[in-house]
>>> print(open('input_0.txt').read())   # compact mmCIF, C-alpha atoms
# COMPACT_ATOMS: atom_id res chain seq x y z
CA MET A 757 -100.73 156.84 61.63
CA SER A 758 -99.54 157.61 58.10
CA ALA A 759 -99.62 161.39 58.39
CA LEU A 760 -98.62 163.47 55.38
CA THR A 761 -97.43 166.37 57.56
CA THR A 762 -95.50 166.83 60.81
CA PRO A 763 -95.93 169.14 63.84
CA GLU A 764 -92.87 171.02 62.56
CA HIS A 765 -94.67 171.67 59.28
CA TRP A 766 -97.54 173.27 61.19
CA ASP A 767 -95.20 175.21 63.49
CA GLU A 768 -93.77 176.88 60.39
CA TYR A 769 -97.26 177.40 58.98
CA TRP A 770 -98.64 179.04 62.15
CA ASP A 771 -95.63 181.33 62.46
CA GLN A 772 -97.06 183.24 59.47
CA VAL A 773 -100.45 183.91 61.11
CA ARG A 774 -101.22 187.30 62.62
CA LEU A 775 -103.63 187.67 65.54
CA PRO A 776 -106.41 188.12 66.42
CA VAL A 777 -108.26 185.58 64.26
CA ALA A 778 -112.05 185.23 64.31
CA VAL A 779 -114.44 184.18 61.57
CA ALA A 780 -117.95 185.52 61.01
CA PRO A 781 -120.85 184.91 58.59
CA GLY A 782 -120.06 188.21 56.86
CA ASP A 783 -116.59 187.01 55.81
CA ALA A 784 -115.70 185.62 52.39
CA SER A 785 -118.32 183.40 50.73
CA SER A 786 -116.20 180.30 51.36
CA THR A 787 -116.16 180.94 55.12
CA ALA A 788 -119.85 181.83 55.11
CA ALA A 789 -120.73 178.55 53.38
CA ILE A 790 -118.77 176.52 55.93
CA LEU A 791 -120.26 178.44 58.85
CA GLN A 792 -123.77 177.91 57.54
CA VAL A 793 -123.33 174.15 57.92
CA ILE A 794 -121.56 174.35 61.29
CA ASP A 795 -124.14 176.75 62.73
CA ARG A 796 -126.95 174.46 61.63
CA PHE A 797 -125.66 171.72 63.92
CA ALA A 798 -124.23 173.99 66.64
CA SER A 799 -127.48 175.86 67.20
CA SER A 800 -128.95 174.78 70.53
CA PRO A 801 -131.09 176.33 73.29
CA SER A 802 -128.62 174.92 75.81
CA ARG A 803 -124.87 175.42 76.10
CA LEU A 804 -122.85 172.77 74.27
CA SER A 805 -119.30 171.59 74.76
CA VAL A 806 -117.45 171.98 71.44
CA LEU A 807 -114.03 170.68 70.40
CA GLU A 808 -112.17 171.64 67.24
CA VAL A 809 -109.50 169.08 66.33
CA GLY A 810 -106.43 170.60 64.73
CA GLY A 811 -108.19 173.84 65.52
CA ALA A 812 -105.41 176.41 65.93
CA PRO A 813 -105.76 179.37 66.21
CA GLY A 814 -109.43 178.87 67.15
CA GLY A 815 -111.15 181.36 64.86
CA TYR A 816 -114.21 179.18 64.27
CA LEU A 817 -114.51 178.52 68.00
CA VAL A 818 -114.47 182.24 68.67
CA HIS A 819 -117.54 182.48 66.44
CA LEU A 820 -119.32 179.62 68.23
CA TRP A 821 -118.66 181.20 71.63
CA ARG A 822 -119.87 184.61 70.45
CA GLN A 823 -122.89 183.29 68.55
CA PHE A 824 -124.15 180.60 70.93
CA GLY A 825 -122.20 180.94 74.19
CA HIS A 826 -120.88 177.38 73.87
CA ASP A 827 -117.95 176.03 75.89
CA VAL A 828 -115.12 175.79 73.35
CA CYS A 829 -111.87 173.87 73.22
CA VAL A 830 -108.95 173.53 70.78
CA LEU A 831 -107.00 170.28 70.38
CA ASP A 832 -103.73 170.50 68.46
CA ASN A 833 -100.28 168.90 68.47
CA SER A 834 -98.31 171.87 67.11
CA PRO A 835 -96.56 173.84 69.89
CA ALA A 836 -96.76 176.99 67.77
CA GLY A 837 -100.45 176.37 67.10
CA ILE A 838 -101.12 175.82 70.81
CA GLU A 839 -99.44 179.07 71.79
CA LEU A 840 -101.25 180.91 69.00
CA SER A 841 -104.62 179.57 70.19
CA ARG A 842 -103.98 180.63 73.78
CA ARG A 843 -102.97 184.12 72.70
CA ASN A 844 -105.92 184.40 70.32
CA PHE A 845 -108.45 183.44 73.01
CA ALA A 846 -106.82 185.86 75.45
CA LEU A 847 -106.86 188.74 72.97
CA LEU A 848 -110.54 188.21 72.18
CA GLY A 849 -111.66 187.48 75.74
CA VAL A 850 -112.78 183.94 74.94
CA PRO A 851 -112.78 181.53 77.92
CA GLY A 852 -111.71 178.60 75.78
CA ARG A 853 -109.56 175.60 76.67
CA VAL A 854 -106.48 174.58 74.70
CA LEU A 855 -105.29 170.97 74.71
CA GLU A 856 -101.85 170.02 73.39
CA ARG A 857 -101.99 166.37 72.44
CA ASP A 858 -101.64 163.89 69.60
CA LEU A 859 -105.06 162.89 68.34
CA PHE A 860 -103.89 159.28 68.04
CA ALA A 861 -102.02 158.97 71.34
CA PRO A 862 -103.58 156.71 74.00
CA ASP A 863 -105.68 158.78 76.35
CA ASP A 864 -106.92 157.71 79.77
CA SER A 865 -109.24 160.68 80.23
CA ASP A 866 -112.98 160.53 79.77
CA LEU A 867 -113.06 163.73 77.73
CA LYS A 868 -116.24 163.86 75.63
CA PHE A 869 -117.92 166.71 73.78
CA ASP A 870 -121.38 167.42 72.39
CA LEU A 871 -119.91 168.63 69.10
CA VAL A 872 -116.53 167.78 67.60
CA PHE A 873 -115.34 169.17 64.29
CA SER A 874 -112.27 169.62 62.13
CA LEU A 875 -111.75 171.70 59.03
CA GLY A 876 -108.82 170.74 56.84
CA LEU A 877 -107.42 167.81 58.83
CA ILE A 878 -108.63 164.45 57.51
CA GLU A 879 -106.96 165.01 54.12
CA HIS A 880 -103.51 165.05 55.75
CA PHE A 881 -103.71 161.30 56.54
CA GLN A 882 -103.67 158.26 54.30
CA ASP A 883 -106.28 156.32 56.32
CA THR A 884 -109.44 158.42 56.33
CA THR A 885 -111.45 155.93 58.38
CA ALA A 886 -108.83 155.84 61.14
CA VAL A 887 -108.58 159.62 61.44
CA VAL A 888 -112.36 160.06 61.51
CA ASP A 889 -112.58 157.31 64.16
CA ALA A 890 -110.01 159.20 66.25
CA HIS A 891 -112.29 162.25 66.11
CA LEU A 892 -115.23 160.08 67.11
CA SER A 893 -113.52 159.01 70.33
CA TYR A 894 -114.08 162.55 71.64
CA VAL A 895 -117.80 162.67 70.74
CA ARG A 896 -120.27 161.70 73.44
CA PRO A 897 -122.96 159.14 72.46
CA GLY A 898 -125.74 161.10 70.78
CA GLY A 899 -123.32 163.93 69.95
CA THR A 900 -122.38 165.37 66.58
CA LEU A 901 -119.24 165.08 64.45
CA ILE A 902 -118.47 167.44 61.55
CA VAL A 903 -115.52 166.89 59.20
CA GLY A 904 -114.53 169.14 56.35
CA CYS A 905 -111.68 169.48 53.88
CA PRO A 906 -110.80 171.46 50.77
CA ASN A 907 -111.57 169.89 47.41
CA PHE A 908 -108.38 169.71 45.33
CA ARG A 909 -109.91 167.46 42.70
CA GLY A 910 -111.50 168.31 39.36
CA ILE A 911 -110.78 171.81 38.04
CA ASN A 912 -109.18 172.82 41.34
CA GLY A 913 -106.72 169.93 41.13
CA TRP A 914 -105.87 170.69 37.50
CA LEU A 915 -105.10 174.31 38.36
CA LEU A 916 -103.05 173.43 41.43
CA GLN A 917 -101.04 170.87 39.48
CA ARG A 918 -100.08 173.63 37.05
CA LEU A 919 -99.50 176.37 39.60
CA SER A 920 -98.54 174.81 42.97
CA PRO A 921 -97.89 171.07 42.66
CA SER A 922 -96.04 170.87 45.99
CA LEU A 923 -99.29 171.69 47.79
CA LEU A 924 -100.81 168.44 46.55
CA ARG A 925 -98.03 166.29 47.99
CA TRP A 926 -99.19 166.70 51.59
CA HIS A 927 -102.85 166.09 50.84
CA ASN A 928 -104.71 162.80 50.35
CA LEU A 929 -106.88 163.59 47.34
CA ASP A 930 -109.03 160.48 47.88
CA ALA A 931 -110.16 161.92 51.23
CA MET A 932 -111.67 164.85 49.32
CA ASP A 933 -113.96 162.62 47.25
CA ILE A 934 -117.25 162.47 49.16
CA SER A 935 -118.42 159.56 47.01
CA ARG A 936 -115.90 157.53 49.06
CA TRP A 937 -117.14 158.77 52.44
CA PRO A 938 -119.92 156.15 52.79
CA GLU A 939 -117.12 153.63 53.41
CA PHE A 940 -116.06 155.21 56.71
CA GLU A 941 -119.66 156.16 57.51
CA ARG A 942 -120.70 152.48 57.39
CA ARG A 943 -117.65 151.16 59.20
CA LEU A 944 -118.04 153.68 62.03
CA ASN A 945 -121.83 153.31 62.22
CA LEU A 946 -122.44 157.02 61.70
CA ASP A 947 -125.84 158.61 61.32
CA VAL A 948 -125.44 160.76 58.20
CA LYS A 949 -127.06 164.17 58.64
CA PHE A 950 -125.29 166.10 55.88
CA ARG A 951 -122.76 165.34 53.16
CA SER A 952 -122.08 167.75 50.31
CA TYR A 953 -119.70 170.06 48.52
CA VAL A 954 -120.11 173.71 49.48
CA ALA A 955 -118.78 177.21 48.68
CA GLY A 956 -118.75 176.84 44.89
CA PHE A 957 -115.69 177.80 42.82
CA GLN A 958 -113.27 180.04 44.71
CA PRO A 959 -110.77 181.68 42.31
CA GLY A 960 -108.95 183.46 45.15
CA VAL A 961 -107.39 180.25 46.49
CA PHE A 962 -104.98 180.00 43.54
CA TRP A 963 -102.63 182.76 44.67
CA ARG A 964 -99.66 180.37 45.02
CA CYS A 965 -97.53 180.10 41.89
CA GLU A 966 -94.46 177.85 41.99
CA ARG A 967 -94.16 177.21 38.26
CA ARG A 968 -93.50 180.74 37.18
CA SER A 969 -93.99 180.67 33.45
CA ILE A 970 -95.69 183.71 31.94
CA ILE A 971 -98.93 181.75 31.43
CA ASN A 972 -98.95 180.38 34.97
CA ARG A 973 -98.21 183.75 36.56
CA ALA A 974 -100.95 185.36 34.49
CA THR A 975 -103.39 182.60 35.42
CA SER A 976 -102.64 182.88 39.14
CA ARG A 977 -102.82 186.66 39.14
CA GLY A 978 -105.99 186.73 37.07
CA LEU A 979 -107.80 184.26 39.32
CA THR A 980 -106.65 186.05 42.47
CA GLU A 981 -107.83 189.42 41.19
CA LEU A 982 -111.11 187.88 40.07
CA GLY A 983 -111.67 186.62 43.59
CA GLN A 984 -110.85 190.02 45.08
CA ARG A 985 -112.91 192.13 42.68
CA MET A 986 -115.95 189.97 42.13
CA PRO A 987 -119.16 191.80 43.18
CA ASP A 988 -120.65 190.40 46.38
CA GLY A 989 -123.90 189.41 44.67
CA ILE A 990 -122.14 187.38 42.01
CA GLU A 991 -119.75 185.84 44.54
CA LYS A 992 -122.63 184.69 46.74
CA ALA A 993 -124.56 183.32 43.77
CA LEU A 994 -121.56 181.33 42.53
CA SER A 995 -120.92 179.97 46.03
CA ARG A 996 -124.30 178.24 45.85
CA LEU A 997 -123.45 176.42 42.60
CA ASN A 998 -121.77 173.24 43.75
CA SER A 999 -120.22 170.21 42.11
CA SER A 1000 -117.40 167.76 42.77
CA LEU A 1001 -115.75 169.26 39.68
CA TRP A 1002 -115.23 172.77 41.03
CA SER A 1003 -116.52 173.35 44.57
CA TYR A 1004 -113.97 174.54 47.08
CA TYR A 1005 -114.99 172.51 50.13
CA ALA A 1006 -116.42 169.15 51.24
CA LEU A 1007 -118.36 168.80 54.48
CA GLY A 1008 -120.07 166.00 56.35
CA ALA A 1009 -122.08 166.06 59.58
CA TYR A 1010 -122.85 162.91 61.58
CA GLY A 1011 -124.59 161.73 64.68
CA LYS A 1012 -122.77 159.27 66.94
CA ARG A 1013 -124.91 156.29 67.87
CA ALA A 1014 -124.44 154.61 71.22
CA VAL A 1015 -124.52 151.10 69.72
CA ASP A 1016 -125.08 149.59 66.30
CA ALA A 1017 -128.02 147.38 65.27
CA ALA A 1018 -126.27 144.30 66.66
CA GLY A 1019 -125.78 145.95 70.04
CA GLU A 1020 -122.07 146.46 69.53
CA GLY A 1021 -120.03 149.63 69.28
CA PRO A 1022 -118.39 150.83 66.06
CA ALA A 1023 -115.62 148.66 64.65
CA VAL A 1024 -112.84 149.48 62.22
>>> encode(input="input_0.txt", output="C-alpha cells")
Amino acid sequence: MSALTTPEHWDEYWDQVRLPVAVAPGDASSTAAILQVIDRFASSPSRLSVLEVGGAPGGYLVHLWRQFGHDVCVLDNSPAGIELSRRNFALLGVPGRVLERDLFAPDDSDLKFDLVFSLGLIEHFQDTTAVVDAHLSYVRPGGTLIVGCPNFRGINGWLLQRLSPSLLRWHNLDAMDISRWPEFERRLNLDVKFRSYVAGFQPGVFWRCERRSIINRATSRGLTELGQRMPDGIEKALSRLNSSLWSYYALGAYGKRAVDAAGEGPAV
C-alpha cells in the first residue's frame, strides 16, 4: 500500500502523548461532534464488539466501554502505540484487547467485529478505496463501519499551507473530500447511513507555525487563543455550522451488506 507515513513516524508521534487518555462528550466541541456520530451507531441494548483501526492510545474506546459496556479492541502497527494502548487500558481499568498488526498484511484469523472505526487514518494512504476495504474485512456482515478524517481543504488548507506546510505532505487531501466518497461506497457495496462534515471551524488546530514570519506567528497565536477563550455557547453554536470550506472533520458511517444485488461480494 502507498502509505504516506511509517510506523516509525507514529512511534515518534506517540512518544509525546501523556497518559491516561479518555475522551468524553463534555470535551472540546470537535471531540463532542465526532462522539455524537459514533455514539449514534454504537448505541445498542446488547454488548457489541468494537475495533478501532489505528486506534492508539484507545481514548475513544475507553468512552465506548464506559458508556455502553462494549467489548473494545485496538489494532495498530506502531510498537509505541501498542504499548501506549496497553498502558492506557490498564491505568483506566478497561478490559480491552490490543492487536499489533499491519492492516494490509494477510490474516488467516476469522476476526470480525460488530463495529469498526478509524479516526484520522484513511487520509494517510493514496488509495482510499483500498484502505477502506481493508477496514471492511474486519466488519461482520450486517455490521457497521465508520471512517473519519480531518478536513485540510478550503480555509483550513489555506491556513495550513501558510503556517505548517509540512503537515500537508503526509496527508492525502483528496481523501478529505466527501464528494469523492461515493466512489469507494459504490465499489465496496456499502449501505450509506451518514456522510457529512462535522465540528465546524476549529481555530485551535492551527497552533503549529513553521513559517515564522511576524504575520504567520500572529495568525497562529491569534487563532489558538481564539480557540482557547471562545465562550462555550459560541463554540458549540459554531461547531454546528458546517461546510466543506471550513469544517474540521469529515465522517461517514456505513452498513456492510452480506452480498450485492448480483449475489456477489464486494469487489475492488
>>> atom_distance(input="input_0.txt", atom1="CA of Gly978 in chain A", atom2="CA of Gln772 in chain A")
24.4 Å
>>> closest_residue(input="input_0.txt", among="A:His819, A:Arg896, A:Arg774, A:Arg909", to="Gln792 in chain A", atoms="all atoms listed in the file")
A:His819
>>> closest_atom_pairs(input="input_0.txt", of="range 898-931 of chain A", to="range 962-968 of chain A", cutoff="9 Å", atoms="all atoms listed in the file", output="tab-separated table")
residue	atom	partner	partner_atom	distance
A:Asn912	CA	A:Phe962	CA	8.6
A:Leu915	CA	A:Phe962	CA	7.7
A:Leu916	CA	A:Phe962	CA	7.2
A:Arg918	CA	A:Arg967	CA	7.0
A:Leu919	CA	A:Cys965	CA	4.8
A:Ser920	CA	A:Glu966	CA	5.2
A:Pro921	CA	A:Glu966	CA	7.6
A:Ser922	CA	A:Glu966	CA	8.2
>>> residues_near_point(input="input_0.txt", point="(-123.8, 181.6, 71.4)", cutoff="10 Å", atoms="all atoms listed in the file", output="list of chain:residue names")
A:Asp795, A:Ala798, A:Ser799, A:Ser800, A:Pro801, A:Ser802, A:Arg803, A:Leu804, A:Val818, A:His819, A:Leu820, A:Trp821, A:Arg822, A:Gln823, A:Phe824, A:Gly825, A:His826, A:Asp827
>>> atom_distance(input="input_0.txt", atom1="CA of Pro763 in chain A", atom2="CA of Pro835 in chain A")
7.7 Å
>>> closest_residue(input="input_0.txt", among="A:Val903, A:Val888, A:Leu807, A:Leu944", to="Lys868 in chain A", atoms="all atoms listed in the file")
A:Leu807
>>> atom_distance(input="input_0.txt", atom1="CA of Val850 in chain A", atom2="CA of Gly814 in chain A")
9.9 Å
>>> closest_atom_pairs(input="input_0.txt", of="range 943-984 of chain A", to="range 991-998 of chain A", cutoff="8 Å", atoms="only C-alpha atoms", output="CSV")
residue,atom,partner,partner_atom,distance
A:Tyr953,CA,A:Asn998,CA,6.1
A:Val954,CA,A:Asn998,CA,6.0
A:Ala955,CA,A:Ser995,CA,4.4
A:Gly956,CA,A:Ser995,CA,4.0
A:Phe957,CA,A:Ser995,CA,6.5
A:Gln958,CA,A:Ser995,CA,7.8
>>> residues_around(input="input_0.txt", residues="range 779-781 of chain A", least_positions_apart="6", cutoff="7 Å", atoms="only C-alpha atoms", output="number ranges by chain")
A: 788, 791, 815-816, 819
>>> closest_residue(input="input_0.txt", among="A:Leu867, A:Thr762, A:Ser893, A:Gly960", to="Thr975 in chain A", atoms="only C-alpha atoms")
A:Gly960
>>> closest_residue(input="input_0.txt", among="A:Val830, A:Ala1006, A:Ala784, A:Leu848", to="Gly876 in chain A", atoms="all atoms listed in the file")
A:Ala1006
>>> axis_aligned_box(input="input_0.txt", around="range 787-792 of chain A", padding_each_side="4 Å", output="AutoDock Vina command-line options")
--center_x -120.0 --center_y 179.2 --center_z 56.1 --size_x 15.6 --size_y 13.3 --size_z 13.5
>>> closest_residue(input="input_0.txt", among="A:Trp1002, A:Tyr1010, A:Phe869, A:Phe860", to="Glu808 in chain A", atoms="all atoms listed in the file")
A:Phe869
>>> residues_around(input="input_0.txt", residues="Thr884 in chain A", least_positions_apart="4", cutoff="8 Å", atoms="all atoms listed in the file", output="list in words")
Ile878, Glu879, Val888, Ala931 and Phe940 of chain A
>>> residues_near_point(input="input_0.txt", point="(-101.7, 161.9, 62.5)", cutoff="10 Å", atoms="all atoms listed in the file", output="list of chain:residue names")
A:Met757, A:Ser758, A:Ala759, A:Leu760, A:Thr761, A:Thr762, A:Pro763, A:Asn833, A:Asp858, A:Leu859, A:Phe860, A:Ala861, A:Leu877, A:Ile878, A:His880, A:Phe881, A:Gln882, A:Asp883, A:Ala886, A:Val887, A:Ala890
>>> closest_residue(input="input_0.txt", among="A:Glu981, A:Asp930, A:Glu939, A:Asp947", to="Pro959 in chain A", atoms="only C-alpha atoms")
A:Glu981
>>> residues_around(input="input_0.txt", residues="Val809 in chain A", least_positions_apart="6", cutoff="9 Å", atoms="only C-alpha atoms", output="list in words")
Cys829, Val830, Leu831, Asp832, Leu859, Val872, Phe873, Ser874, Leu875, Leu877 and His891 of chain A
>>> build_atoms(input="input_0.txt", residues="range 812-824 of chain A", atoms="N, CA and C atoms", output="mmCIF file, keeping the file's coordinate frame")
data_model
loop_
_atom_site.group_PDB
_atom_site.id
_atom_site.type_symbol
_atom_site.label_atom_id
_atom_site.label_comp_id
_atom_site.auth_asym_id
_atom_site.auth_seq_id
_atom_site.Cartn_x
_atom_site.Cartn_y
_atom_site.Cartn_z
ATOM 1 N N ALA A 812 -106.129 175.143 65.804
ATOM 2 C CA ALA A 812 -105.410 176.410 65.930
ATOM 3 C C ALA A 812 -105.710 177.306 64.715
ATOM 4 N N PRO A 813 -105.840 178.614 64.949
ATOM 5 C CA PRO A 813 -105.760 179.370 66.210
ATOM 6 C C PRO A 813 -107.115 179.586 66.876
ATOM 7 N N GLY A 814 -108.149 178.826 66.453
ATOM 8 C CA GLY A 814 -109.430 178.870 67.150
ATOM 9 C C GLY A 814 -110.436 179.875 66.625
ATOM 10 N N GLY A 815 -110.252 180.346 65.398
ATOM 11 C CA GLY A 815 -111.150 181.360 64.860
ATOM 12 C C GLY A 815 -112.595 180.928 64.742
ATOM 13 N N TYR A 816 -112.831 179.678 64.369
ATOM 14 C CA TYR A 816 -114.210 179.180 64.270
ATOM 15 C C TYR A 816 -114.827 179.014 65.665
ATOM 16 N N LEU A 817 -114.009 178.642 66.634
ATOM 17 C CA LEU A 817 -114.510 178.520 68.000
ATOM 18 C C LEU A 817 -114.864 179.869 68.595
ATOM 19 N N VAL A 818 -114.117 180.888 68.227
ATOM 20 C CA VAL A 818 -114.470 182.240 68.670
ATOM 21 C C VAL A 818 -115.895 182.569 68.215
ATOM 22 N N HIS A 819 -116.193 182.243 66.959
ATOM 23 C CA HIS A 819 -117.540 182.480 66.440
ATOM 24 C C HIS A 819 -118.591 181.705 67.233
ATOM 25 N N LEU A 820 -118.330 180.433 67.526
ATOM 26 C CA LEU A 820 -119.320 179.620 68.230
ATOM 27 C C LEU A 820 -119.528 180.105 69.658
ATOM 28 N N TRP A 821 -118.495 180.625 70.288
ATOM 29 C CA TRP A 821 -118.660 181.200 71.630
ATOM 30 C C TRP A 821 -119.466 182.493 71.557
ATOM 31 N N ARG A 822 -119.155 183.337 70.579
ATOM 32 C CA ARG A 822 -119.870 184.610 70.450
ATOM 33 C C ARG A 822 -121.332 184.393 70.045
ATOM 34 N N GLN A 823 -121.554 183.477 69.109
ATOM 35 C CA GLN A 823 -122.890 183.290 68.550
ATOM 36 C C GLN A 823 -123.816 182.532 69.491
ATOM 37 N N PHE A 824 -123.292 181.494 70.153
ATOM 38 C CA PHE A 824 -124.150 180.600 70.930
ATOM 39 C C PHE A 824 -123.787 180.520 72.417
#
